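Peer 1: Structure file model15.cif (mmCIF, C-alpha atoms) is given on the next line.
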```cif
data_structure
loop_
_atom_site.group_PDB
_atom_site.id
_atom_site.type_symbol
_atom_site.label_atom_id
_atom_site.label_comp_id
_atom_site.auth_asym_id
_atom_site.auth_seq_id
_atom_site.Cartn_x
_atom_site.Cartn_y
_atom_site.Cartn_z
ATOM 1 C CA MET A 107 219.481 -154.646 -23.940
ATOM 2 C CA LEU A 108 218.733 -155.643 -27.548
ATOM 3 C CA PRO A 109 221.466 -154.815 -30.086
ATOM 4 C CA LEU A 110 219.363 -152.217 -31.878
ATOM 5 C CA GLU A 111 220.595 -149.345 -33.990
ATOM 6 C CA CYS A 112 218.528 -146.730 -32.184
ATOM 7 C CA ILE A 113 215.869 -146.264 -29.500
ATOM 8 C CA VAL A 114 213.948 -143.012 -29.098
ATOM 9 C CA LEU A 115 212.690 -142.449 -25.543
ATOM 10 C CA LEU A 116 209.729 -140.085 -25.560
ATOM 11 C CA ASP A 117 208.340 -138.584 -22.356
ATOM 12 C CA LYS A 118 207.805 -135.208 -20.714
ATOM 13 C CA ASP A 119 208.010 -136.109 -17.066
ATOM 14 C CA PHE A 120 210.426 -135.899 -14.170
ATOM 15 C CA VAL A 121 211.428 -138.559 -11.663
ATOM 16 C CA ASP A 122 209.694 -138.073 -8.318
ATOM 17 C CA ASP A 123 209.648 -139.890 -4.991
ATOM 18 C CA THR A 124 206.799 -142.189 -6.024
ATOM 19 C CA ASN A 125 208.947 -143.630 -8.826
ATOM 20 C CA ILE A 126 211.671 -144.859 -6.495
ATOM 21 C CA CYS A 127 211.627 -148.650 -6.045
ATOM 22 C CA ARG A 128 208.369 -148.978 -8.012
ATOM 23 C CA GLN A 129 210.209 -148.132 -11.241
ATOM 24 C CA ASP A 130 213.833 -148.305 -12.300
ATOM 25 C CA TYR A 131 214.951 -145.090 -10.605
ATOM 26 C CA TYR A 132 217.042 -144.228 -7.573
ATOM 27 C CA PRO A 133 216.943 -141.398 -5.003
ATOM 28 C CA ASP A 134 219.671 -139.468 -6.848
ATOM 29 C CA ASP A 135 217.432 -139.417 -9.946
ATOM 30 C CA VAL A 136 214.629 -137.404 -8.294
ATOM 31 C CA GLY A 137 214.029 -134.136 -10.131
ATOM 32 C CA LYS A 138 215.744 -135.258 -13.332
ATOM 33 C CA ARG A 139 214.052 -135.870 -16.669
ATOM 34 C CA LYS A 140 213.042 -139.518 -16.950
ATOM 35 C CA VAL A 141 214.254 -139.783 -20.541
ATOM 36 C CA ASP A 142 217.684 -138.413 -19.639
ATOM 37 C CA VAL A 143 218.069 -140.815 -16.716
ATOM 38 C CA LEU A 144 217.141 -143.852 -18.806
ATOM 39 C CA ALA A 145 219.277 -142.726 -21.767
ATOM 40 C CA SER A 146 222.310 -142.591 -19.478
ATOM 41 C CA ARG A 147 221.998 -146.258 -18.474
ATOM 42 C CA PRO A 148 224.310 -148.937 -19.961
ATOM 43 C CA SER A 149 222.875 -150.370 -23.168
ATOM 44 C CA TYR A 150 223.678 -152.487 -26.211
ATOM 45 C CA VAL A 151 221.777 -149.997 -28.373
ATOM 46 C CA GLU A 152 224.058 -147.955 -30.639
ATOM 47 C CA SER A 153 222.157 -144.708 -30.068
ATOM 48 C CA VAL A 154 219.592 -143.808 -27.390
ATOM 49 C CA ILE A 155 217.828 -140.506 -28.089
ATOM 50 C CA PRO A 156 215.934 -138.828 -25.210
ATOM 51 C CA VAL A 157 213.041 -136.658 -26.388
ATOM 52 C CA PHE A 158 211.480 -134.473 -23.682
ATOM 53 C CA GLN A 159 208.056 -134.014 -25.252
ATOM 54 C CA PHE A 160 204.396 -134.658 -24.493
ATOM 55 C CA ILE A 161 202.223 -136.276 -27.169
ATOM 56 C CA ASP A 162 199.058 -134.190 -27.347
ATOM 57 C CA GLY A 163 197.518 -135.678 -30.474
ATOM 58 C CA GLN A 164 198.001 -137.663 -33.647
ATOM 59 C CA ASP A 165 200.038 -135.003 -35.414
ATOM 60 C CA SER A 166 202.654 -134.701 -32.677
ATOM 61 C CA LEU A 167 203.259 -138.470 -32.644
ATOM 62 C CA ALA A 168 203.351 -138.609 -36.439
ATOM 63 C CA ASP A 169 205.911 -135.781 -36.450
ATOM 64 C CA VAL A 170 208.177 -137.683 -34.035
ATOM 65 C CA ILE A 171 207.880 -140.885 -36.083
ATOM 66 C CA GLY A 172 208.840 -138.997 -39.233
ATOM 67 C CA LYS A 173 211.618 -136.912 -37.669
ATOM 68 C CA TYR A 174 213.450 -139.907 -36.172
ATOM 69 C CA CYS A 175 212.540 -142.464 -38.889
ATOM 70 C CA ILE A 176 210.902 -144.712 -36.292
ATOM 71 C CA ASN A 177 209.932 -148.141 -37.644
ATOM 72 C CA LEU A 178 208.325 -149.681 -34.527
ATOM 73 C CA VAL A 179 206.369 -147.965 -31.746
ATOM 74 C CA VAL A 180 206.138 -149.440 -28.232
ATOM 75 C CA GLN A 181 203.540 -147.988 -25.870
ATOM 76 C CA ALA A 182 204.741 -147.273 -22.355
ATOM 77 C CA ALA A 183 202.419 -144.339 -21.609
ATOM 78 C CA ASP A 184 199.047 -144.059 -19.898
ATOM 79 C CA VAL A 185 198.307 -140.322 -20.175
ATOM 80 C CA PRO A 186 195.603 -139.217 -20.748
ATOM 81 C CA SER A 187 194.607 -142.895 -20.425
ATOM 82 C CA THR A 188 196.083 -146.243 -21.378
ATOM 83 C CA ALA A 189 193.233 -147.065 -23.771
ATOM 84 C CA GLY A 190 193.218 -143.547 -25.203
ATOM 85 C CA MET A 191 196.944 -143.692 -25.911
ATOM 86 C CA ALA A 192 196.570 -147.152 -27.452
ATOM 87 C CA ARG A 193 193.885 -145.879 -29.842
ATOM 88 C CA LEU A 194 196.014 -142.856 -30.759
ATOM 89 C CA ILE A 195 199.019 -145.080 -31.492
ATOM 90 C CA ASN A 196 196.830 -147.392 -33.583
ATOM 91 C CA MET A 197 195.580 -144.491 -35.727
ATOM 92 C CA VAL A 198 198.978 -142.839 -36.169
ATOM 93 C CA CYS A 199 200.839 -146.065 -36.917
ATOM 94 C CA ASP A 200 198.254 -146.983 -39.546
ATOM 95 C CA ARG A 201 198.732 -143.526 -41.046
ATOM 96 C CA CYS A 202 202.541 -143.827 -40.999
ATOM 97 C CA GLY A 203 202.685 -147.514 -41.957
ATOM 98 C CA VAL A 204 204.546 -148.498 -38.777
ATOM 99 C CA PRO A 205 203.908 -151.608 -36.619
ATOM 100 C CA TYR A 206 203.285 -151.112 -32.907
ATOM 101 C CA ILE A 207 203.147 -152.892 -29.574
ATOM 102 C CA ILE A 208 200.356 -151.978 -27.175
ATOM 103 C CA ASN A 209 201.663 -152.420 -23.653
ATOM 104 C CA PRO A 210 198.920 -151.741 -21.088
ATOM 105 C CA GLY A 211 201.155 -152.318 -18.084
ATOM 106 C CA TYR A 212 200.218 -153.786 -14.736
ATOM 107 C CA THR A 213 197.772 -153.509 -11.856
ATOM 108 C CA GLY A 214 197.499 -155.594 -8.743
ATOM 109 C CA GLY A 215 198.745 -159.129 -9.312
ATOM 110 C CA ALA A 216 198.250 -159.124 -13.074
ATOM 111 C CA ILE A 217 200.455 -157.900 -15.922
ATOM 112 C CA SER A 218 198.612 -157.331 -19.196
ATOM 113 C CA LEU A 219 199.915 -159.136 -22.258
ATOM 114 C CA PRO A 220 201.728 -156.756 -24.642
ATOM 115 C CA GLU A 221 200.064 -157.083 -28.051
ATOM 116 C CA PHE A 222 201.869 -156.717 -31.395
ATOM 117 C CA PHE A 223 199.968 -155.215 -34.330
ATOM 118 C CA TYR A 224 200.887 -154.648 -37.964
ATOM 119 C CA PRO A 225 199.735 -151.359 -39.529
ATOM 120 C CA ASN A 226 196.649 -151.204 -41.732
ATOM 121 C CA CYS A 227 195.547 -154.764 -40.973
ATOM 122 C CA GLY A 228 192.117 -156.118 -40.204
ATOM 123 C CA TYR A 229 193.539 -157.096 -36.822
ATOM 124 C CA GLY A 230 194.594 -153.864 -35.108
ATOM 125 C CA TYR A 231 194.200 -152.524 -31.592
ATOM 126 C CA VAL A 232 190.843 -150.842 -32.198
ATOM 127 C CA SER A 233 189.353 -153.756 -34.123
ATOM 128 C CA SER A 234 190.701 -156.369 -31.725
ATOM 129 C CA HIS A 235 189.359 -154.603 -28.668
ATOM 130 C CA LEU A 236 186.047 -153.506 -30.124
ATOM 131 C CA SER A 237 185.177 -156.006 -32.852
ATOM 132 C CA VAL A 238 187.095 -159.279 -32.731
ATOM 133 C CA LYS A 239 184.977 -161.991 -31.184
ATOM 134 C CA GLY A 240 186.441 -163.949 -28.329
ATOM 135 C CA ARG A 241 186.416 -164.001 -24.574
ATOM 136 C CA ARG A 242 188.817 -161.513 -23.106
ATOM 137 C CA LEU A 243 190.892 -162.435 -20.104
ATOM 138 C CA LEU A 244 190.683 -159.520 -17.744
ATOM 139 C CA GLN A 245 191.877 -158.798 -14.236
ATOM 140 C CA PHE A 246 190.354 -156.058 -12.142
ATOM 141 C CA GLN A 247 192.656 -155.350 -9.242
ATOM 142 C CA LYS A 248 193.976 -152.371 -7.344
ATOM 143 C CA GLY A 249 197.497 -151.320 -6.475
ATOM 144 C CA LYS A 250 200.721 -151.528 -8.425
ATOM 145 C CA LEU A 251 203.595 -153.932 -8.603
ATOM 146 C CA SER A 252 207.271 -153.238 -8.257
ATOM 147 C CA PHE A 253 208.887 -152.977 -11.685
ATOM 148 C CA ARG A 254 211.158 -155.850 -10.655
ATOM 149 C CA LEU A 255 208.179 -158.212 -10.837
ATOM 150 C CA CYS A 256 207.457 -157.136 -14.411
ATOM 151 C CA SER A 257 210.469 -158.825 -15.987
ATOM 152 C CA GLN A 258 208.186 -161.248 -17.819
ATOM 153 C CA LEU A 259 206.495 -158.328 -19.586
ATOM 154 C CA SER A 260 209.845 -156.785 -20.522
ATOM 155 C CA CYS A 261 211.163 -160.076 -21.831
ATOM 156 C CA LEU A 262 208.072 -160.643 -23.946
ATOM 157 C CA VAL A 263 208.248 -157.157 -25.487
ATOM 158 C CA ALA A 264 211.929 -157.746 -26.236
ATOM 159 C CA GLN A 265 211.066 -161.085 -27.856
ATOM 160 C CA GLN A 266 208.376 -159.435 -29.997
ATOM 161 C CA VAL A 267 210.845 -156.768 -31.127
ATOM 162 C CA ASP A 268 213.489 -159.404 -31.894
ATOM 163 C CA ASP A 269 210.995 -161.532 -33.828
ATOM 164 C CA TYR A 270 209.941 -158.525 -35.895
ATOM 165 C CA MET A 271 213.587 -157.654 -36.638
ATOM 166 C CA TYR A 272 214.177 -161.138 -38.031
ATOM 167 C CA HIS A 273 210.859 -161.412 -39.921
ATOM 168 C CA ARG A 274 209.354 -163.989 -37.587
ATOM 169 C CA VAL A 275 205.807 -164.045 -36.260
ATOM 170 C CA PRO A 276 205.966 -161.976 -33.031
ATOM 171 C CA LYS A 277 205.695 -164.033 -29.856
ATOM 172 C CA ARG A 278 202.050 -164.512 -28.771
ATOM 173 C CA TYR A 279 200.748 -162.693 -31.834
ATOM 174 C CA GLY A 280 196.943 -162.672 -31.891
ATOM 175 C CA GLU A 281 196.596 -163.553 -28.200
ATOM 176 C CA LYS A 282 195.100 -161.715 -25.247
ATOM 177 C CA GLY A 283 195.589 -162.296 -21.568
ATOM 178 C CA TYR A 284 197.728 -161.557 -18.555
ATOM 179 C CA PHE A 285 200.695 -162.759 -16.520
ATOM 180 C CA ASP A 286 199.675 -163.842 -13.030
ATOM 181 C CA THR A 287 202.376 -163.056 -10.479
ATOM 182 C CA GLY A 288 200.760 -165.577 -8.144
ATOM 183 C CA ASP A 289 201.673 -168.602 -10.266
ATOM 184 C CA PHE A 290 204.189 -166.878 -12.593
ATOM 185 C CA THR A 291 202.337 -168.023 -15.691
ATOM 186 C CA TRP A 292 200.921 -166.303 -18.768
ATOM 187 C CA HIS A 293 197.171 -166.943 -19.013
ATOM 188 C CA THR A 294 196.232 -166.229 -22.622
ATOM 189 C CA GLU A 295 193.789 -167.159 -25.329
ATOM 190 C CA ARG A 296 194.222 -166.870 -29.065
ATOM 191 C CA VAL A 297 191.586 -164.514 -30.429
ATOM 192 C CA THR A 298 192.573 -164.396 -34.083
ATOM 193 C CA GLU A 299 194.378 -166.361 -36.743
ATOM 194 C CA ARG A 300 196.066 -164.836 -39.759
ATOM 195 C CA VAL A 301 193.829 -162.177 -41.287
ATOM 196 C CA LYS A 302 193.765 -160.482 -44.653
ATOM 197 C CA GLY A 303 196.092 -157.518 -44.835
ATOM 198 C CA GLU A 304 198.931 -158.886 -42.733
ATOM 199 C CA PRO A 305 202.398 -159.009 -44.292
ATOM 200 C CA ALA A 306 203.458 -162.221 -46.007
ATOM 201 C CA GLY A 307 204.989 -164.778 -43.681
ATOM 202 C CA VAL A 308 202.736 -164.004 -40.735
#
```
When written as structure tokens, how does the structure in this file appear?

Peer 2:
Amino acid sequence: MLPLECIVLLDKDFVDDTNICRQDYYPDDVGKRKVDVLASRPSYVESVIPVFQFIDGQDSLADVIGKYCINLVVQAADVPSTAGMARLINMVCDRCGVPYIINPGYTGGAISLPEFFYPNCGYGYVSSHLSVKGRRLLQFQKGKLSFRLCSQLSCLVAQQVDDYMYHRVPKRYGEKGYFDTGDFTWHTERVTERVKGEPAGV
């Protein structure tokens, strides 16, 4: 719903029965390409481009970024794994000089905080998850939430995108944590301050 020039939706999957209610799909959507269904929805975006493709490595993602002149990548995929996809995005976005938002999603009663990263900075996904000191806030739960309970995550991603568009520090930059659907509150901790390599103004 942001007034963007273009969004590229990238996925090679079809809507099935398990997506109904849990995600933003309806019974009539079953069997259709997910990207086509979402691209057909009302939007403030000038152009929504559905790309029916599976990312099988760094080169395929880099090709898509180059082909469509993408200047911000938002993770919404967990195949082959959420962490594996996050690492791949980190590497490719550093290579292409594109910022990215790692969006781990949700399990049980907790929604992971989407994290904004600038390319080629000391504070990136890999370094922040493997090297940056600080206590991580983690939730280990089973089951999945209805997408309708994930509006806080969507709003935060939208805020991060909007902040980036207007050269502001992205909301909750340098924080880790989760949104607890029990008390409807973000539980986060700051794990880094400004680090060398970040763009001016951060």

Peer 1: Between A:Val114, A:Ile208, A:Ser187, A:Tyr132, which has the minimum distance to Gln159 in chain A (counting all atoms listed in the file)?

Peer 2: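 When distances to Gln159 in chain A are compared using all atoms listed in the file, the smallest one comes from A:Val114.
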
Peer 1: Convert the output of the PyMOL selection byres ((chain A and resi 200) around 10) on the shown file into explicit residues, formatted as a VMD selection string.

Peer 2: chain A and resid 194 to 199 201 to 206 223 to 227 230

Peer 1: What lies within 12 Å of Asn125 in chain A using only C-alpha atoms, ignoring chain neighbours under 2 positions off, as a compact mmCIF listing (two decimals) with C-alpha atoms, in the coordinates of the input?

Peer 2:
```
# COMPACT_ATOMS: atom_id res chain seq x y z
CA ASP A 119 208.01 -136.11 -17.07
CA PHE A 120 210.43 -135.90 -14.17
CA VAL A 121 211.43 -138.56 -11.66
CA ASP A 122 209.69 -138.07 -8.32
CA ASP A 123 209.65 -139.89 -4.99
CA CYS A 127 211.63 -148.65 -6.04
CA ARG A 128 208.37 -148.98 -8.01
CA GLN A 129 210.21 -148.13 -11.24
CA ASP A 130 213.83 -148.30 -12.30
CA TYR A 131 214.95 -145.09 -10.60
CA TYR A 132 217.04 -144.23 -7.57
CA PRO A 133 216.94 -141.40 -5.00
CA ASP A 134 219.67 -139.47 -6.85
CA ASP A 135 217.43 -139.42 -9.95
CA VAL A 136 214.63 -137.40 -8.29
CA GLY A 137 214.03 -134.14 -10.13
CA LYS A 138 215.74 -135.26 -13.33
CA LYS A 140 213.04 -139.52 -16.95
CA LYS A 250 200.72 -151.53 -8.43
CA LEU A 251 203.60 -153.93 -8.60
CA SER A 252 207.27 -153.24 -8.26
CA PHE A 253 208.89 -152.98 -11.68
```

Peer 1: Please return as a PyMOL selection string every residue within 10 Å of (218.7, -149.2, -29.5), taking into account only C-alpha atoms and the file's own coordinates.

Peer 2: chain A and resi 107-115+149-155

Peer 1: Tell me which residues the PyMOL selection byres ((chain A and resi 281) around 12) grabs here, as a PyMOL selection string.

Peer 2: chain A and resi 218-223+229+231+234-235+238+240-243+276-280+282-284+292-300

Peer 1: Place a sphere of radius 12 Å on (202.8, -165.9, -12.2) in the file coordinates and name every protein, DNA or RNA residue with an atom inside or on its surface, counting only C-alpha atoms; give the answer as a list in words.

Peer 2: Gly215, Ala216, Ile217, Ser218, Leu255, Cys256, Ser257, Gln258, Leu259, Tyr284, Phe285, Asp286, Thr287, Gly288, Asp289, Phe290, Thr291, Trp292 and His293 of chain A

Peer 1: CA of Arg193 in chain A and CA of Val180 in chain A, how far apart in Å?

Peer 2: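 We find that CA of Val180 in chain A and CA of Arg193 in chain A lie 12.9 Å from each other.
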
Peer 1: Could you tell me how far CA of Thr188 in chain A lies from CA of Pro156 in chain A, in Å and to one decimal?

Peer 2: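 Between these atoms lies a distance of 21.5 Å.
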
Peer 1: Mind pulling up the distance from CA of Ser260 in chain A to CA of Lys118 in chain A?

Peer 2: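 Going from CA of Lys118 in chain A over to CA of Ser260 in chain A covers 21.7 Å.
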
Peer 1: Could you write out as lines of an AutoDock Vina configuration file the box around range 177-188 of chain A (axis-aligned, all atoms listed in the file, 6 Å on each side), with centre and edge lengths in Å to one decimal?

Peer 2:
```
center_x = 202.3
center_y = -144.4
center_z = -28.8
size_x = 27.3
size_y = 22.5
size_z = 29.7
```

Peer 1: With distances taken over all atoms listed in the file, which residue among A:Ile207, A:Val232, A:Val143, A:Leu116 lies nearest Tyr174 in chain A?

Peer 2: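 The closest residue to Tyr174 in chain A is A:Leu116.
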
Peer 1: When distances are computed from all atoms listed in the file, which of A:Ala264, A:Phe160, A:Asn209, A:Asp117 shows the smallest separation from Asp142 in chain A?

Peer 2: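 Looking at the shortest contact to Asp142 in chain A, the residue is A:Asp117.
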
Peer 1: Can you pull range 255-267 of chain A out of that block with all heavy atoms and hand it back as an mmCIF file, in the first residue's frame?

Peer 2:
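This went into selection.cif:
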```
data_model
loop_
_atom_site.group_PDB
_atom_site.id
_atom_site.type_symbol
_atom_site.label_atom_id
_atom_site.label_comp_id
_atom_site.auth_asym_id
_atom_site.auth_seq_id
_atom_site.Cartn_x
_atom_site.Cartn_y
_atom_site.Cartn_z
ATOM 1 N N LEU A 255 -2.904 -11.731 12.105
ATOM 2 C CA LEU A 255 -2.274 -11.340 13.356
ATOM 3 C C LEU A 255 -0.867 -10.800 13.130
ATOM 4 O O LEU A 255 -0.186 -10.434 14.079
ATOM 5 C CB LEU A 255 -2.238 -12.522 14.329
ATOM 6 C CG LEU A 255 -3.601 -13.042 14.785
ATOM 7 C CD1 LEU A 255 -3.424 -14.251 15.695
ATOM 8 C CD2 LEU A 255 -4.379 -11.952 15.497
ATOM 9 N N CYS A 256 -0.430 -10.769 11.890
ATOM 10 C CA CYS A 256 0.931 -10.321 11.584
ATOM 11 C C CYS A 256 0.971 -8.899 11.049
ATOM 12 O O CYS A 256 1.931 -8.485 10.418
ATOM 13 C CB CYS A 256 1.578 -11.261 10.580
ATOM 14 S SG CYS A 256 1.848 -12.902 11.241
ATOM 15 N N SER A 257 -0.080 -8.133 11.296
ATOM 16 C CA SER A 257 -0.133 -6.768 10.776
ATOM 17 C C SER A 257 0.990 -5.899 11.345
ATOM 18 O O SER A 257 1.481 -4.993 10.667
ATOM 19 C CB SER A 257 -1.490 -6.129 11.073
ATOM 20 O OG SER A 257 -1.739 -6.122 12.460
ATOM 21 N N GLN A 258 1.412 -6.192 12.575
ATOM 22 C CA GLN A 258 2.496 -5.409 13.159
ATOM 23 C C GLN A 258 3.779 -5.593 12.360
ATOM 24 O O GLN A 258 4.529 -4.649 12.145
ATOM 25 C CB GLN A 258 2.721 -5.819 14.618
ATOM 26 C CG GLN A 258 1.625 -5.384 15.560
ATOM 27 C CD GLN A 258 1.650 -3.892 15.833
ATOM 28 O OE1 GLN A 258 2.617 -3.210 15.518
ATOM 29 N NE2 GLN A 258 0.580 -3.378 16.401
ATOM 30 N N LEU A 259 4.041 -6.826 11.918
ATOM 31 C CA LEU A 259 5.231 -7.094 11.112
ATOM 32 C C LEU A 259 5.137 -6.346 9.783
ATOM 33 O O LEU A 259 6.089 -5.687 9.361
ATOM 34 C CB LEU A 259 5.350 -8.609 10.873
ATOM 35 C CG LEU A 259 6.594 -9.103 10.146
ATOM 36 C CD1 LEU A 259 6.930 -10.508 10.612
ATOM 37 C CD2 LEU A 259 6.391 -9.110 8.645
ATOM 38 N N SER A 260 3.995 -6.416 9.137
ATOM 39 C CA SER A 260 3.807 -5.740 7.853
ATOM 40 C C SER A 260 3.979 -4.241 7.994
ATOM 41 O O SER A 260 4.625 -3.595 7.151
ATOM 42 C CB SER A 260 2.417 -6.046 7.297
ATOM 43 O OG SER A 260 2.233 -7.426 7.149
ATOM 44 N N CYS A 261 3.420 -3.681 9.045
ATOM 45 C CA CYS A 261 3.528 -2.242 9.255
ATOM 46 C C CYS A 261 4.969 -1.820 9.504
ATOM 47 O O CYS A 261 5.404 -0.754 9.042
ATOM 48 C CB CYS A 261 2.652 -1.812 10.434
ATOM 49 S SG CYS A 261 0.883 -1.894 10.094
ATOM 50 N N LEU A 262 5.713 -2.644 10.228
ATOM 51 C CA LEU A 262 7.103 -2.299 10.508
ATOM 52 C C LEU A 262 7.954 -2.374 9.245
ATOM 53 O O LEU A 262 8.791 -1.502 8.999
ATOM 54 C CB LEU A 262 7.679 -3.211 11.596
ATOM 55 C CG LEU A 262 9.118 -2.909 12.030
ATOM 56 C CD1 LEU A 262 9.290 -1.439 12.392
ATOM 57 C CD2 LEU A 262 9.505 -3.786 13.214
ATOM 58 N N VAL A 263 7.746 -3.396 8.421
ATOM 59 C CA VAL A 263 8.469 -3.479 7.147
ATOM 60 C C VAL A 263 8.142 -2.262 6.286
ATOM 61 O O VAL A 263 9.032 -1.643 5.689
ATOM 62 C CB VAL A 263 8.126 -4.784 6.390
ATOM 63 C CG1 VAL A 263 8.703 -4.748 4.980
ATOM 64 C CG2 VAL A 263 8.660 -5.992 7.149
ATOM 65 N N ALA A 264 6.867 -1.904 6.232
ATOM 66 C CA ALA A 264 6.463 -0.736 5.442
ATOM 67 C C ALA A 264 7.133 0.527 5.975
ATOM 68 O O ALA A 264 7.571 1.387 5.194
ATOM 69 C CB ALA A 264 4.947 -0.592 5.468
ATOM 70 N N GLN A 265 7.228 0.649 7.297
ATOM 71 C CA GLN A 265 7.881 1.820 7.886
ATOM 72 C C GLN A 265 9.364 1.851 7.533
ATOM 73 O O GLN A 265 9.923 2.912 7.238
ATOM 74 C CB GLN A 265 7.706 1.812 9.401
ATOM 75 C CG GLN A 265 8.307 3.035 10.092
ATOM 76 C CD GLN A 265 7.624 4.316 9.708
ATOM 77 O OE1 GLN A 265 6.434 4.468 9.946
ATOM 78 N NE2 GLN A 265 8.350 5.248 9.093
ATOM 79 N N GLN A 266 10.019 0.674 7.565
ATOM 80 C CA GLN A 266 11.433 0.613 7.201
ATOM 81 C C GLN A 266 11.641 1.021 5.743
ATOM 82 O O GLN A 266 12.593 1.745 5.418
ATOM 83 C CB GLN A 266 11.973 -0.798 7.441
ATOM 84 C CG GLN A 266 12.064 -1.158 8.918
ATOM 85 C CD GLN A 266 12.445 -2.612 9.139
ATOM 86 O OE1 GLN A 266 12.206 -3.475 8.293
ATOM 87 N NE2 GLN A 266 13.032 -2.903 10.283
ATOM 88 N N VAL A 267 10.772 0.549 4.867
ATOM 89 C CA VAL A 267 10.863 0.915 3.450
ATOM 90 C C VAL A 267 10.655 2.414 3.283
ATOM 91 O O VAL A 267 11.400 3.091 2.562
ATOM 92 C CB VAL A 267 9.826 0.137 2.615
ATOM 93 C CG1 VAL A 267 9.793 0.646 1.175
ATOM 94 C CG2 VAL A 267 10.138 -1.363 2.636
#
```
